file data_30.txt (compact mmCIF, C-alpha atoms (C1' of nucleotides))
# COMPACT_ATOMS: atom_id res chain seq x y z
CA MET O 695 84.95 127.92 138.74
CA PRO O 696 84.70 125.61 138.08
CA GLU O 697 83.85 126.08 134.46
CA LEU O 698 81.05 124.17 132.75
CA LEU O 699 82.91 120.85 132.94
CA GLU O 700 83.50 120.98 136.66
CA VAL O 701 79.94 122.08 137.36
CA GLU O 702 78.75 119.18 135.22
CA ALA O 703 80.72 116.86 137.49
CA TYR O 704 79.02 118.51 140.47
CA ARG O 705 75.66 118.03 138.78
CA ARG O 706 76.25 114.31 138.37
CA ALA O 707 77.19 114.07 142.03
CA ALA O 708 74.12 116.09 143.00
CA ALA O 709 71.95 113.65 141.07
CA GLY O 710 72.59 111.37 144.03
CA VAL O 711 70.40 113.52 146.27
CA VAL O 712 67.43 113.60 143.91
CA GLY O 713 64.39 112.20 145.65
CA ARG O 714 65.80 112.87 149.10
CA GLU O 715 64.12 115.04 151.72
CA VAL O 716 65.91 117.93 153.40
CA ALA O 717 66.08 117.65 157.18
CA ALA O 718 68.24 120.66 157.99
CA ALA O 719 70.18 123.47 156.39
CA HIS O 720 73.61 124.71 157.36
CA THR O 721 74.05 128.42 156.59
CA PRO O 722 77.07 129.65 158.57
CA ASP O 723 77.82 132.50 156.18
CA ALA O 724 75.08 135.06 155.53
CA TRP O 725 77.24 136.72 152.88
CA PHE O 726 77.09 133.53 150.85
CA LEU O 727 73.29 133.80 150.55
CA LYS O 728 72.41 135.94 147.53
CA GLY O 729 69.37 137.73 146.19
CA GLY O 730 68.06 138.72 149.60
CA LEU O 731 68.03 135.12 150.83
CA THR O 732 68.30 134.65 154.59
CA ALA O 733 69.09 131.67 156.80
CA THR O 734 65.49 131.72 158.04
CA ALA O 735 64.11 131.70 154.51
CA VAL O 736 66.39 128.83 153.58
CA LEU O 737 65.03 126.79 156.43
CA ASP O 738 61.41 127.72 155.65
CA VAL O 739 61.70 126.83 151.98
CA LEU O 740 63.98 123.82 152.21
CA GLY O 741 62.96 122.15 155.45
CA GLY O 742 60.92 119.07 154.57
CA ALA O 743 61.28 119.73 150.84
CA ARG O 744 62.42 117.09 148.40
CA ILE O 745 64.92 117.67 145.61
CA VAL O 746 63.38 116.50 142.36
CA ALA O 747 66.21 117.02 139.83
CA ALA O 748 69.81 118.10 139.34
CA GLU O 749 70.26 120.40 136.35
CA ARG O 750 72.89 122.71 135.00
CA TRP O 751 72.91 125.73 132.77
CA GLY O 752 76.36 127.04 132.03
CA LYS O 753 78.11 127.25 135.36
CA LEU O 754 74.91 127.40 137.38
CA LEU O 755 73.74 124.28 139.23
CA LEU O 756 69.99 124.05 139.67
CA LEU O 757 68.19 121.89 142.22
CA PRO O 758 64.42 122.16 141.77
CA LEU O 759 62.32 121.31 144.82
CA ASP O 760 59.01 119.49 144.93
CA ARG O 761 57.39 122.59 146.41
CA GLY O 762 58.22 124.66 143.35
CA PRO O 763 61.23 126.84 144.15
CA VAL O 764 64.60 126.13 142.58
CA LEU O 765 67.81 126.18 144.57
CA GLY O 766 70.67 127.70 142.57
CA LEU O 767 74.32 127.08 143.45
CA ARG O 768 77.25 129.10 142.08
CA PHE O 769 80.83 128.09 142.71
CA GLY O 770 82.94 131.17 142.03
CA MET O 771 86.54 130.27 141.37
CA THR O 772 87.20 127.90 144.25
CA GLY O 773 83.82 126.36 145.02
CA ARG O 774 83.52 122.56 145.30
CA LEU O 775 80.58 120.32 145.88
CA VAL O 776 80.79 117.47 148.35
CA VAL O 777 77.95 114.93 148.47
CA ASP O 778 77.80 112.35 151.24
CA GLY O 779 81.45 113.02 151.97
CA ARG O 780 82.56 112.36 148.40
CA ALA O 781 83.93 115.12 146.20
CA PRO O 782 83.72 114.65 142.42
CA ILE O 783 86.65 117.04 142.18
CA GLU O 784 89.19 116.62 144.93
CA ARG O 785 91.21 119.71 144.26
CA LEU O 786 90.77 122.63 141.87
CA GLU O 787 93.64 123.80 139.70
CA TYR O 788 94.12 127.08 141.56
CA GLY O 789 92.49 126.14 144.83
CA PRO O 790 94.03 125.19 148.18
CA ALA O 791 95.05 121.57 148.67
CA GLN O 792 93.43 121.19 152.04
CA ASP O 793 89.81 121.11 153.06
CA ARG O 794 88.99 123.06 156.19
CA PRO O 795 85.59 122.80 157.94
CA GLU O 796 85.22 126.58 158.06
CA TRP O 797 85.25 126.67 154.28
CA VAL O 798 81.88 124.96 154.15
CA ARG O 799 79.65 127.91 153.25
CA PHE O 800 76.41 126.04 152.75
CA GLY O 801 75.10 122.60 153.52
CA LEU O 802 71.99 120.44 153.43
CA ARG O 803 71.43 117.40 155.60
CA PHE O 804 68.89 114.89 154.42
CA VAL O 805 66.45 112.77 156.35
CA ASP O 806 68.39 109.67 155.30
CA GLY O 807 71.51 111.13 156.90
CA GLY O 808 73.34 112.18 153.75
CA VAL O 809 74.85 115.61 153.32
CA LEU O 810 75.40 118.04 150.43
CA GLU O 811 78.03 120.72 151.03
CA LEU O 812 79.39 123.66 149.11
CA VAL O 813 83.02 124.27 150.11
CA ASP O 814 84.42 127.60 148.96
CA PRO O 815 87.58 129.07 150.54
CA ARG O 816 87.35 132.37 148.67
CA ARG O 817 83.61 132.88 149.16
CA LEU O 818 83.12 134.02 145.57
CA GLY O 819 80.32 131.53 144.99
CA GLY O 820 76.84 131.76 146.40
CA VAL O 821 73.42 130.25 146.97
CA GLU O 822 70.26 131.76 145.56
CA LEU O 823 66.60 130.85 145.41
CA ASP O 824 64.95 130.91 141.98
CA PRO O 825 67.96 132.39 140.18
CA SER O 826 67.05 134.24 136.99
CA LEU O 827 68.03 132.41 133.83
CA ASP O 828 67.18 135.36 131.58
CA ALA O 829 70.74 136.59 131.62
CA LEU O 830 72.28 133.34 130.43
CA GLY O 831 73.18 132.71 126.80
CA PRO O 832 73.05 129.36 125.00
CA GLU O 833 74.86 126.43 126.58
CA ALA O 834 78.44 126.26 125.30
CA SER O 835 78.71 122.47 125.06
CA THR O 836 76.00 122.37 122.37
CA VAL O 837 76.28 125.85 120.86
CA THR O 838 75.34 126.02 117.17
CA VAL O 839 76.87 128.32 114.61
CA THR O 840 73.58 130.23 114.44
CA GLU O 841 73.60 130.79 118.20
CA LEU O 842 77.25 131.75 118.12
CA ARG O 843 76.74 134.20 115.26
CA ARG O 844 74.01 135.87 117.29
CA ALA O 845 76.24 135.95 120.37
CA LEU O 846 79.09 137.60 118.48
CA GLY O 847 76.76 140.00 116.68
CA ARG O 848 78.49 143.12 115.49
CA SER O 849 80.33 143.47 118.77
CA GLY O 850 83.58 145.39 118.74
CA ALA O 851 84.66 143.79 122.02
CA PRO O 852 87.53 141.29 121.92
CA LEU O 853 86.48 137.81 120.85
CA LYS O 854 87.62 136.36 124.15
CA ALA O 855 85.61 138.87 126.20
CA VAL O 856 82.45 137.87 124.36
CA LEU O 857 83.06 134.15 124.88
CA LEU O 858 83.58 134.76 128.60
CA ASP O 859 80.35 136.76 128.85
CA GLN O 860 77.80 134.33 130.31
CA ALA O 861 74.96 136.37 128.86
CA ARG O 862 76.23 135.63 125.34
CA VAL O 863 77.44 132.04 125.76
CA ALA O 864 77.00 130.16 129.03
CA GLY O 865 79.61 127.90 130.56
CA LEU O 866 83.01 128.90 129.25
CA GLY O 867 85.68 130.21 131.61
CA ASN O 868 89.20 131.48 131.20
CA LEU O 869 90.93 128.16 130.57
CA LEU O 870 88.37 126.72 128.16
CA VAL O 871 88.35 129.94 126.15
CA ASP O 872 92.14 130.13 125.83
CA GLU O 873 92.25 126.46 124.79
CA THR O 874 89.37 126.83 122.32
CA LEU O 875 90.78 129.93 120.61
CA TRP O 876 94.19 128.32 120.38
CA ARG O 877 92.69 125.22 118.76
CA ALA O 878 90.60 127.34 116.42
CA GLY O 879 93.60 129.46 115.45
CA LEU O 880 91.81 132.68 116.35
CA ASP O 881 93.37 135.72 118.01
CA PRO O 882 91.54 136.46 121.29
CA THR O 883 91.92 140.22 120.79
CA ARG O 884 90.10 140.35 117.47
CA PRO O 885 86.78 142.21 117.41
CA ALA O 886 84.13 139.57 117.96
CA GLY O 887 81.89 140.87 115.21
CA GLY O 888 84.64 140.67 112.61
CA LEU O 889 84.77 136.92 112.05
CA SER O 890 84.12 135.53 108.59
CA ALA O 891 81.38 132.95 108.09
CA GLU O 892 84.02 130.24 107.86
CA GLU O 893 85.63 131.40 111.11
CA GLN O 894 82.27 131.42 112.86
CA ARG O 895 81.65 127.84 111.78
CA ARG O 896 85.13 126.79 112.86
CA LEU O 897 84.72 128.48 116.23
CA ALA O 898 81.34 126.89 116.97
CA ARG O 899 82.70 123.47 116.04
CA THR O 900 85.85 124.00 118.11
CA VAL O 901 83.94 125.14 121.20
CA ARG O 902 81.87 121.95 121.16
CA ALA O 903 84.81 119.68 120.39
CA THR O 904 87.02 121.27 123.05
CA VAL O 905 84.37 120.97 125.73
CA ARG O 906 83.76 117.34 124.77
CA GLU O 907 87.42 116.34 124.64
CA LEU O 908 88.48 118.09 127.83
CA GLY O 909 85.42 116.61 129.48
CA ARG O 910 86.62 113.14 128.55
CA ARG O 911 90.09 113.99 129.83
CA GLY O 912 88.73 115.16 133.14
CA GLY O 913 88.36 118.94 133.27
CA SER O 914 89.02 122.45 132.05
CA HIS O 915 92.67 122.20 133.05
CA THR O 916 93.44 119.25 130.74
CA GLY O 917 93.87 121.27 127.55
CA ASP O 918 96.93 120.99 125.31
CA LEU O 919 97.81 124.58 126.15
CA GLN O 920 97.55 124.21 129.90
CA ASP O 921 101.10 123.32 130.88
CA ARG O 922 102.42 126.11 128.66
CA ARG O 923 100.04 128.66 130.13
CA ARG O 924 102.79 130.30 132.16
CA ARG O 925 105.44 132.93 131.66
CA GLY O 926 107.97 131.71 129.15
CA GLY O 927 105.63 129.04 127.75
CA ASP O 928 105.87 128.07 124.09
CA CYS O 929 103.15 127.20 121.61
CA PRO O 930 102.69 123.41 121.61
CA ARG O 931 102.05 123.54 117.86
CA CYS O 932 104.75 125.82 116.43
CA GLY O 933 107.10 126.41 119.35
CA GLU O 934 106.84 130.21 119.25
CA PRO O 935 106.80 131.91 122.66
CA LEU O 936 103.22 132.45 123.78
CA VAL O 937 101.98 136.01 124.21
CA ARG O 938 100.82 136.80 127.74
CA GLY O 939 98.32 139.60 128.09
CA VAL O 940 95.05 140.69 129.63
CA VAL O 941 91.91 140.32 127.54
CA GLY O 942 88.43 140.70 128.92
CA GLY O 943 90.03 141.44 132.26
CA ARG O 944 91.59 137.97 132.44
CA THR O 945 95.12 136.67 132.01
CA THR O 946 95.37 135.40 128.47
CA TYR O 947 97.91 133.27 126.65
CA HIS O 948 97.88 132.96 122.90
CA CYS O 949 100.22 132.19 120.02
CA GLY O 950 100.95 135.21 117.89
CA ALA O 951 101.90 132.96 114.99
CA CYS O 952 99.11 130.34 114.99
CA GLN O 953 96.22 132.53 116.11
CA ARG O 954 95.12 135.12 113.60
C1' DA V 1270 73.47 149.61 125.01
C1' DT V 1271 78.08 148.29 125.16
C1' DT V 1272 82.53 147.98 126.93
C1' DG V 1273 86.18 148.41 130.32
C1' DT V 1274 87.67 148.78 135.17
C1' DG V 1275 87.81 147.91 139.83
C1' DG V 1276 86.43 145.40 143.54
C1' DC V 1277 84.88 141.53 146.10
C1' DC V 1278 87.38 137.54 149.27
C1' DT V 1279 90.87 134.32 150.65
C1' DG V 1280 94.93 131.33 150.15
C1' DC V 1281 99.30 130.19 148.14
C1' DC V 1282 103.78 130.90 146.20
C1' DC V 1283 107.72 133.43 145.15
C1' DG V 1284 111.45 136.52 146.14
C1' DC V 1285 113.70 139.41 149.43
C1' DT X 1180 111.47 132.46 159.35
C1' DG X 1181 108.67 136.45 158.15
C1' DC X 1182 106.58 139.59 154.99
C1' DG X 1183 104.86 141.80 150.89
C1' DG X 1184 103.42 141.46 146.26
C1' DG X 1185 101.35 139.08 142.73
C1' DC X 1186 98.48 135.74 141.30
C1' DA X 1187 94.23 132.75 140.96
C1' DG X 1188 89.10 128.24 136.50
C1' DG X 1189 84.05 134.21 138.48
C1' DC X 1190 80.99 137.77 138.67
C1' DC X 1191 78.83 142.27 139.83
C1' DA X 1192 78.34 147.27 140.26
C1' DC X 1193 79.75 151.17 138.25
C1' DA X 1194 81.59 154.76 134.88
C1' DA X 1195 82.50 156.41 130.29
call {"tool": "encode", "arguments": {"input": "data_30.txt", "output": "structure tokens"}}
result
Amino acid sequence: MPELLEVEAYRRAAAGVVGREVAAAHTPDAWFLKGGLTATAVLDVLGGARIVAAERWGKLLLLPLDRGPVLGLRFGMTGRLVVDGRAPIERLEYGPAQDRPEWVRFGLRFVDGGVLELVDPRRLGGVELDPSLDALGPEASTVTVTELRRALGRSGAPLKAVLLDQARVAGLGNLLVDETLWRAGLDPTRPAGGLSAEEQRRLARTVRATVRELGRRGGSHTGDLQDRRRRGGDCPRCGEPLVRGVVGGRTTYHCGACQR
DNA sequence: ATTGTGGCCTGCCCGC
DNA sequence: TGCGGGCAGGCCACAA
């Protein structure tokens, strides 16, 4: 996904539909409806309802309705939001360049004529009513050292796997985590529970700073590591060849010299 | 309970 | 040009 930064851009775009009344729902793909949701239920709940806010927790976009229920949108790896024909993010780093009508998996048309669409070629995203927030950890962009210490706990899992786990910290994805750990000088394979107090502080600070800076630059793909995140890439800091591996089930690049 | 693996689904890019 | 393999910013069900 769309990691936290991209979903935040979607949230800002979705703020444009706050106060508007839903006239019709477009649900061409039953598989995209999650948690037992059906096309009929979508119409029942959303028809005539008004969206009262646009919120985000981690990578989950939340659109509360005046009738009470909350519409939850997830974007998978290739999901994009288009509001009134305008896309806050034109093209995702690893997504297709084009924009085919059949990739629209969910849509809302408003009484004023506007439209909100979720476009997702790979269909890894989804739409859910009243998504549970119990399983989401503290928001990464504002995570404190206390929250982070709790998230890391005494876990023996690799540091990177814990940071990717939305139940421990919400919002970070593969690119933000690689960039953050590189900036913090921490080896992604280290046991998460083994960080010193100083390293925990440094990590919490680096998570927040990385999210903020890449947000200003325009997205999760704007990190200093990004253009070296390929086979044969070198560390931007020391020039050593980056190590490519799999950590937490995801392709991982890190510098064996700078990250300890 | 925690951790790791495989699978989901589709499109693109590279090498043959 | 065509085809197969590998890869992709996420997440969930399952097994050990």
call {"tool": "residues_near_point", "arguments": {"input": "data_30.txt", "point": "(96.9, 135.7, 139.8)", "cutoff": "10 Å", "atoms": "only C-alpha atoms (C1' of nucleotides)", "output": "PDB file with C-alpha atoms (C1' of nucleotides), in the coordinates of the input"}}
result
ATOM      1  CA  TYR O 788      94.120 127.080 141.560  1.00  0.00           C
ATOM      2  CA  ARG O 944      91.590 137.970 132.440  1.00  0.00           C
ATOM      3  CA  THR O 945      95.120 136.670 132.010  1.00  0.00           C
TER       4      THR O 945
ATOM      5  C1'  DG X1185     101.350 139.080 142.730  1.00  0.00           C
ATOM      6  C1'  DC X1186      98.480 135.740 141.300  1.00  0.00           C
ATOM      7  C1'  DA X1187      94.230 132.750 140.960  1.00  0.00           C
TER       8       DA X1187
END
call {"tool": "atom_distance", "arguments": {"input": "data_30.txt", "atom1": "CA of Leu767 (chain O)", "atom2": "CA of Gly917 (chain O)"}}
result
25.9 Å
call {"tool": "interface_residues", "arguments": {"input": "data_30.txt", "of": "chain O", "to": "chain X", "cutoff": "6 Å", "atoms": "all atoms listed in the file", "output": "ChimeraX atom specification"}}
result
/O:695-696,770-771,788
call {"tool": "atom_distance", "arguments": {"input": "data_30.txt", "atom1": "CA of Val777 (chain O)", "atom2": "CA of Arg816 (chain O)"}}
result
19.8 Å
call {"tool": "atom_distance", "arguments": {"input": "data_30.txt", "atom1": "CA of Thr916 (chain O)", "atom2": "CA of Leu846 (chain O)"}}
result
26.3 Å
call {"tool": "interface_residues", "arguments": {"input": "data_30.txt", "of": "chain V", "to": "chain O", "cutoff": "7 Å", "atoms": "all atoms listed in the file", "output": "PyMOL selection string"}}
result
chain V and resi 1272+1278-1280
call {"tool": "residues_around", "arguments": {"input": "data_30.txt", "residues": "region 829-843 of chain O", "least_positions_apart": "4", "cutoff": "7 Å", "atoms": "all atoms listed in the file", "output": "PyMOL selection string"}}
result
chain O and resi 751-752+847+860-866+894-895+898+901-902+905
call {"tool": "residues_around", "arguments": {"input": "data_30.txt", "residues": "region 732-739 of chain O", "least_positions_apart": "3", "cutoff": "7 Å", "atoms": "all atoms listed in the file", "output": "ChimeraX atom specification"}}
result
/O:719,721,724,727
